[in-house]
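Colleague: Got a structure here, written out as structure tokens. Questions coming.
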Amino acid sequence: MRAAYIEQLGAADVIRYGEIAGPRPGPTDVLVDVLATTVNPVDTFVRSGRYPTPMAFPFVVGRDLVGTVAEAGPGAPGFRAGDRVWCNSLGHGGRQGAAAEQAVVPADRLYHLPVGADPYAAVAVVHPAATAHLALFVHGRLRVGETVLVAGAGGNVGSALVTMAVRAGARVLATAGARDAAYCARLGAAEVFDYRDPDLTAKIRGAAPSGIDAYLDTAGVNDLERTVGLLAHRGRVVLLAGAGTRPVLPAGALYMNDRSVVGFVISHATPDELAEAAAHINDLLARDALRPRDIEVFPLSAAADVHAGLESGELGGRRAVLRTDLAPVTETPR
């Protein structure tokens, strides 16, 4: 089969595209004919070695896929050949990735795609949306009627956070660039603030005089000195970006107000947590309530260029969808 793979860790140019041996499913696995995959920041961390994880070379890159079941093992009774499915947790923890014509997926990490859902739109949202679900409901412990602040609400994870929090009955405040304000408002944010505004802290405090119950910073700024002071009693800060930040921890403001700071990465989510997120995502997909803001489509052979573009910022907020049915740009000789 053709795949985008690496034979060593390194920069984007270590990704090769060409023929490798096809995978075989075990008794509790499902073999999937891949329609499309995408590229997430964590994929670049795995490829470069910044996020260490067990892998066997050649290693197929990529977390997410949409596809069609080709074969299901006897221990995967919920799947039959021809089922349209998706996954967002390949490519780490010893599992080969999704950027190939076929992929093996453990049955407890594979989910049916709702009837009528656009597979290419779905593959673009399943990773950021699962991250948003975990941030809000597992680590953020969101409850109906609480006030949430989403920093970086115009991005892929940020927009999913706004969508999910609003639908869960929260009042959502958002910070974003001025050009993203209307988009965030359409998603349901009650108020949107320009993150460059020098009076940002005062304006947030004015909009939430009783404090923020859950503060989620997708931009990775992690200014805890400012953020913790905006929290309500028992307010939570959820850290999900900004691996290189070293913020000052205002310990007194935390423990004297029962506040907390918690961090997570989706890579550590359990299969049960991911399945809970998948059920939420599928409900939104079925209602056409969760869509990517902007997609750019590439052939699977462009994986190295897409990795480089994501790392350099060239993609901006666009989600790159890599399709297996498009003619390859080139094939890397082995």
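FYI, nothing fancy with the structure tokens labels: chains A, B, ... in order, residues from 1 per chain, ligands from 1 as they appear.
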Can you list, as JSON, numbers by chain, every residue of segment 89-199 of chain A that DSSP puts in strand (DSSP E or B)?

Modeller: {"A": [100, 102, 103, 104, 105, 106, 111, 112, 147, 148, 149, 150, 151, 171, 172, 173, 174, 175, 176, 191, 192, 193, 194]}

Colleague: Deliver the residues from the most recent selection as a file, using N, CA and C atoms, as an mmCIF file, in the first residue's frame.

Modeller:
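Done, and the output landed in again26.cif:
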data_model
loop_
_atom_site.group_PDB
_atom_site.id
_atom_site.type_symbol
_atom_site.label_atom_id
_atom_site.label_comp_id
_atom_site.auth_asym_id
_atom_site.auth_seq_id
_atom_site.Cartn_x
_atom_site.Cartn_y
_atom_site.Cartn_z
ATOM 1 N N ALA A 100 -2.216 6.544 5.258
ATOM 2 C CA ALA A 100 -1.946 5.413 4.382
ATOM 3 C C ALA A 100 -3.243 4.997 3.703
ATOM 4 N N GLN A 102 -4.439 2.037 3.824
ATOM 5 C CA GLN A 102 -5.120 1.189 4.790
ATOM 6 C C GLN A 102 -4.516 1.395 6.171
ATOM 7 N N ALA A 103 -5.331 1.205 7.196
ATOM 8 C CA ALA A 103 -4.866 1.325 8.567
ATOM 9 C C ALA A 103 -5.582 0.299 9.430
ATOM 10 N N VAL A 104 -4.874 -0.189 10.436
ATOM 11 C CA VAL A 104 -5.464 -1.074 11.429
ATOM 12 C C VAL A 104 -5.834 -0.236 12.645
ATOM 13 N N VAL A 105 -7.085 -0.366 13.085
ATOM 14 C CA VAL A 105 -7.585 0.411 14.222
ATOM 15 C C VAL A 105 -8.126 -0.547 15.281
ATOM 16 N N PRO A 106 -7.674 -0.435 16.536
ATOM 17 C CA PRO A 106 -8.320 -1.219 17.594
ATOM 18 C C PRO A 106 -9.808 -0.892 17.650
ATOM 19 N N TYR A 111 -15.083 4.471 15.481
ATOM 20 C CA TYR A 111 -16.459 4.928 15.665
ATOM 21 C C TYR A 111 -17.142 5.028 14.306
ATOM 22 N N HIS A 112 -18.433 4.740 14.310
ATOM 23 C CA HIS A 112 -19.201 4.858 13.076
ATOM 24 C C HIS A 112 -19.424 6.337 12.749
ATOM 25 N N THR A 147 -19.861 30.066 33.604
ATOM 26 C CA THR A 147 -19.258 30.997 32.653
ATOM 27 C C THR A 147 -17.899 30.461 32.228
ATOM 28 N N VAL A 148 -17.718 30.362 30.935
ATOM 29 C CA VAL A 148 -16.492 29.829 30.345
ATOM 30 C C VAL A 148 -15.804 30.937 29.563
ATOM 31 N N LEU A 149 -14.498 31.007 29.650
ATOM 32 C CA LEU A 149 -13.743 31.879 28.763
ATOM 33 C C LEU A 149 -12.843 31.029 27.887
ATOM 34 N N VAL A 150 -12.962 31.206 26.581
ATOM 35 C CA VAL A 150 -12.143 30.495 25.609
ATOM 36 C C VAL A 150 -11.179 31.496 24.992
ATOM 37 N N ALA A 151 -9.901 31.327 25.279
ATOM 38 C CA ALA A 151 -8.863 32.167 24.676
ATOM 39 C C ALA A 151 -8.389 31.498 23.391
ATOM 40 N N ARG A 171 -22.468 30.014 29.604
ATOM 41 C CA ARG A 171 -22.294 31.342 29.030
ATOM 42 C C ARG A 171 -20.834 31.456 28.615
ATOM 43 N N VAL A 172 -20.595 31.750 27.338
ATOM 44 C CA VAL A 172 -19.247 31.704 26.797
ATOM 45 C C VAL A 172 -18.754 33.095 26.447
ATOM 46 N N LEU A 173 -17.615 33.448 27.021
ATOM 47 C CA LEU A 173 -16.860 34.625 26.623
ATOM 48 C C LEU A 173 -15.670 34.152 25.797
ATOM 49 N N ALA A 174 -15.243 34.966 24.869
ATOM 50 C CA ALA A 174 -14.178 34.541 23.967
ATOM 51 C C ALA A 174 -13.180 35.665 23.749
ATOM 52 N N THR A 175 -11.918 35.291 23.583
ATOM 53 C CA THR A 175 -10.919 36.224 23.079
ATOM 54 C C THR A 175 -10.419 35.685 21.746
ATOM 55 N N ALA A 176 -10.173 36.596 20.816
ATOM 56 C CA ALA A 176 -9.755 36.217 19.473
ATOM 57 C C ALA A 176 -9.233 37.457 18.780
ATOM 58 N N GLU A 191 -19.943 37.283 24.357
ATOM 59 C CA GLU A 191 -19.121 38.464 24.124
ATOM 60 C C GLU A 191 -17.764 38.002 23.609
ATOM 61 N N VAL A 192 -17.223 38.787 22.671
ATOM 62 C CA VAL A 192 -15.922 38.471 22.089
ATOM 63 C C VAL A 192 -15.009 39.673 22.269
ATOM 64 N N PHE A 193 -13.811 39.440 22.800
ATOM 65 C CA PHE A 193 -12.857 40.502 23.071
ATOM 66 C C PHE A 193 -11.614 40.321 22.211
ATOM 67 N N ASP A 194 -11.086 41.430 21.746
ATOM 68 C CA ASP A 194 -9.841 41.411 20.986
ATOM 69 C C ASP A 194 -8.696 41.110 21.952
#

Colleague: Can you tell me which residues surround segment 248-258 of chain A at a distance of at most 12 Å, considering only C-alpha atoms, apart from same-chain residues fewer than 2 positions away, and format the answer as a VMD selection string?

Modeller: chain A and resid 211 213 221 to 237 245 to 246 260 to 262

Colleague: Which residues are close to segment 165-169 of chain A, i.e. within 9 Å by only C-alpha atoms, leaving aside same-chain residues fewer than 3 positions away? Reply as a PyMOL selection string.

Modeller: chain A and resi 133+136+142-146+148+160-162+172+187-189

Colleague: Restricting it to all heavy atoms, dump the selection as a CSV table (one decimal), in the first residue's frame.

Modeller:
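Saved result, again32.csv, follows:
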chain,number,residue,atom,x,y,z
A,133,HIS,N,-13.9,18.5,23.9
A,133,HIS,CA,-14.7,17.7,24.8
A,133,HIS,C,-14.0,17.4,26.1
A,133,HIS,O,-14.5,17.6,27.2
A,133,HIS,CB,-15.2,16.5,24.2
A,133,HIS,CG,-16.0,15.6,25.1
A,133,HIS,ND1,-17.4,15.6,25.2
A,133,HIS,CD2,-15.6,14.6,26.0
A,133,HIS,CE1,-17.8,14.8,26.1
A,133,HIS,NE2,-16.7,14.2,26.6
A,136,LEU,N,-13.4,20.5,28.3
A,136,LEU,CA,-14.6,21.0,29.0
A,136,LEU,C,-15.1,20.1,30.0
A,136,LEU,O,-15.5,20.5,31.2
A,136,LEU,CB,-15.6,21.3,28.0
A,136,LEU,CG,-15.5,22.6,27.1
A,136,LEU,CD1,-16.5,22.6,26.0
A,136,LEU,CD2,-15.6,23.8,27.9
A,142,LEU,N,-17.2,21.1,33.5
A,142,LEU,CA,-18.2,22.1,33.1
A,142,LEU,C,-19.6,21.7,33.6
A,142,LEU,O,-20.0,20.5,33.4
A,142,LEU,CB,-18.2,22.4,31.6
A,142,LEU,CG,-19.2,23.5,31.2
A,142,LEU,CD1,-18.8,24.8,31.7
A,142,LEU,CD2,-19.2,23.5,29.6
A,143,ARG,N,-20.3,22.6,34.2
A,143,ARG,CA,-21.7,22.4,34.5
A,143,ARG,C,-22.6,23.5,33.9
A,143,ARG,O,-22.1,24.6,33.6
A,143,ARG,CB,-21.9,22.5,36.1
A,143,ARG,CG,-21.1,21.4,36.8
A,143,ARG,CD,-21.4,21.4,38.3
A,143,ARG,NE,-20.8,22.5,38.9
A,143,ARG,CZ,-19.5,22.6,39.4
A,143,ARG,NH1,-18.7,21.5,39.3
A,143,ARG,NH2,-19.0,23.6,40.0
A,144,VAL,N,-23.9,23.1,33.7
A,144,VAL,CA,-24.8,24.0,33.1
A,144,VAL,C,-24.9,25.3,33.9
A,144,VAL,O,-24.8,25.4,35.2
A,144,VAL,CB,-26.2,23.4,33.1
A,144,VAL,CG1,-27.3,24.4,32.7
A,144,VAL,CG2,-26.3,22.1,32.3
A,145,GLY,N,-24.9,26.4,33.2
A,145,GLY,CA,-25.0,27.8,33.8
A,145,GLY,C,-23.7,28.4,34.2
A,145,GLY,O,-23.7,29.6,34.6
A,146,GLU,N,-22.6,27.7,34.0
A,146,GLU,CA,-21.3,28.3,34.3
A,146,GLU,C,-20.8,29.2,33.2
A,146,GLU,O,-21.3,29.2,32.1
A,146,GLU,CB,-20.3,27.2,34.6
A,146,GLU,CG,-20.5,26.4,35.9
A,146,GLU,CD,-19.4,25.6,36.3
A,146,GLU,OE1,-18.7,24.9,35.4
A,146,GLU,OE2,-19.1,25.5,37.5
A,148,VAL,N,-17.7,30.4,30.9
A,148,VAL,CA,-16.5,29.8,30.3
A,148,VAL,C,-15.8,30.9,29.6
A,148,VAL,O,-16.5,31.7,28.9
A,148,VAL,CB,-16.8,28.7,29.4
A,148,VAL,CG1,-15.6,28.2,28.7
A,148,VAL,CG2,-17.4,27.5,30.2
A,160,ALA,N,-14.4,24.7,18.5
A,160,ALA,CA,-15.1,23.5,19.0
A,160,ALA,C,-15.4,23.7,20.5
A,160,ALA,O,-16.5,23.3,20.9
A,160,ALA,CB,-14.2,22.3,18.8
A,161,LEU,N,-14.6,24.4,21.2
A,161,LEU,CA,-14.9,24.7,22.6
A,161,LEU,C,-16.1,25.6,22.8
A,161,LEU,O,-17.0,25.4,23.6
A,161,LEU,CB,-13.7,25.4,23.3
A,161,LEU,CG,-12.5,24.5,23.7
A,161,LEU,CD1,-11.3,25.3,24.0
A,161,LEU,CD2,-12.8,23.6,24.9
A,162,VAL,N,-16.1,26.6,21.9
A,162,VAL,CA,-17.3,27.5,22.0
A,162,VAL,C,-18.6,26.8,21.6
A,162,VAL,O,-19.6,26.9,22.3
A,162,VAL,CB,-17.1,28.7,21.0
A,162,VAL,CG1,-18.3,29.6,21.0
A,162,VAL,CG2,-15.9,29.6,21.5
A,172,VAL,N,-20.6,31.7,27.3
A,172,VAL,CA,-19.2,31.7,26.8
A,172,VAL,C,-18.8,33.1,26.4
A,172,VAL,O,-19.4,33.8,25.7
A,172,VAL,CB,-19.2,30.8,25.5
A,172,VAL,CG1,-17.8,30.8,25.0
A,172,VAL,CG2,-19.6,29.4,25.9
A,187,LEU,N,-20.9,31.4,16.4
A,187,LEU,CA,-20.8,30.1,17.1
A,187,LEU,C,-21.6,30.1,18.4
A,187,LEU,O,-21.9,29.1,19.0
A,187,LEU,CB,-19.4,29.7,17.4
A,187,LEU,CG,-18.5,29.4,16.2
A,187,LEU,CD1,-17.1,29.1,16.6
A,187,LEU,CD2,-19.0,28.2,15.4
A,188,GLY,N,-21.9,31.3,18.9
A,188,GLY,CA,-22.7,31.5,20.2
A,188,GLY,C,-22.0,32.2,21.3
A,188,GLY,O,-22.6,32.2,22.4
A,189,ALA,N,-20.8,32.7,21.1
A,189,ALA,CA,-20.1,33.4,22.2
A,189,ALA,C,-20.9,34.6,22.6
A,189,ALA,O,-21.3,35.4,21.7
A,189,ALA,CB,-18.7,33.8,21.8

Colleague: From the set A:Ala286, A:Asn88, A:Thr44, A:Gly155, which residue has the shortest atom-to-atom contact distance to Asp13 of chain A, counting only C-alpha atoms?

Modeller: A:Thr44

Colleague: For Ser89 of chain A, which residue out of A:Ala279, A:Leu216, A:Val297, A:Ala269 is the nearest one, using only C-alpha atoms?

Modeller: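 Among the listed residues, A:Ala269 lies closest to Ser89 of chain A.
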
Colleague: What lies within 9 Å of Ala11 of chain A using only C-alpha atoms, ignoring chain neighbours under 6 positions off, as a ChimeraX atom specification?

Modeller: /A:44,47-48,307-308

Colleague: Which residues are close to Ala56 of chain A, i.e. within 9 Å by only C-alpha atoms, leaving aside same-chain residues fewer than 5 positions away? Reply as a ChimeraX atom specification.

Modeller: /A:7,94-96

Colleague: Of the candidates A:Cys87, A:Gly67, A:Pro271, A:Gly97, which shows the shortest atom-to-atom distance to Pro23 of chain A, using only C-alpha atoms?

Modeller: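 Going through A:Cys87, A:Gly67, A:Pro271, A:Gly97 one by one, the smallest distance to Pro23 of chain A is for A:Gly97.
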
Colleague: Nearest to Arg291 of chain A among A:Ala122, A:Pro328, A:Gly154, A:Ala243, with distances taken over only C-alpha atoms: which residue is it?

Modeller: A:Ala122

Colleague: What is the distance between atom CA of Gly75 of chain A and atom CA of Leu90 of chain A, in Å to one decimal?

Modeller: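 We find that atom CA of Gly75 of chain A and atom CA of Leu90 of chain A lie 18.8 Å from each other.
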
Colleague: So which residues touch Arg293 of chain A within 12 Å, counting only C-alpha atoms, skipping near sequence neighbours fewer than 3 positions away, as number ranges by chain?

Modeller: A: 121-122, 124-125, 153-160, 180, 183-184, 186-187, 289-290, 296, 316-320

Colleague: Just give me the gap between atom CA of Ala275 of chain A and atom CA of Ala130 of chain A in Å, one decimal is fine.

Modeller: 9.4 Å

Colleague: Return the single residue from A:Ala4, A:Met55, A:Ala178, A:Ala185 that is closest to Leu300 of chain A, with distances computed using only C-alpha atoms.

Modeller: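 With only C-alpha atoms as the atom set, the closest residue is A:Ala4.
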
Colleague: For Thr68 of chain A, list every protein, DNA or RNA residue within 7 Å, evaluated using only C-alpha atoms, and leave out those in the same chain fewer than 4 positions away; present the list as a PyMOL selection string.

Modeller: chain A and resi 32-34+82-85

Colleague: Between atom CA of Leu35 of chain A and atom CA of Pro299 of chain A, what distance in Å does the model show, to one decimal?

Modeller: 10.8 Å
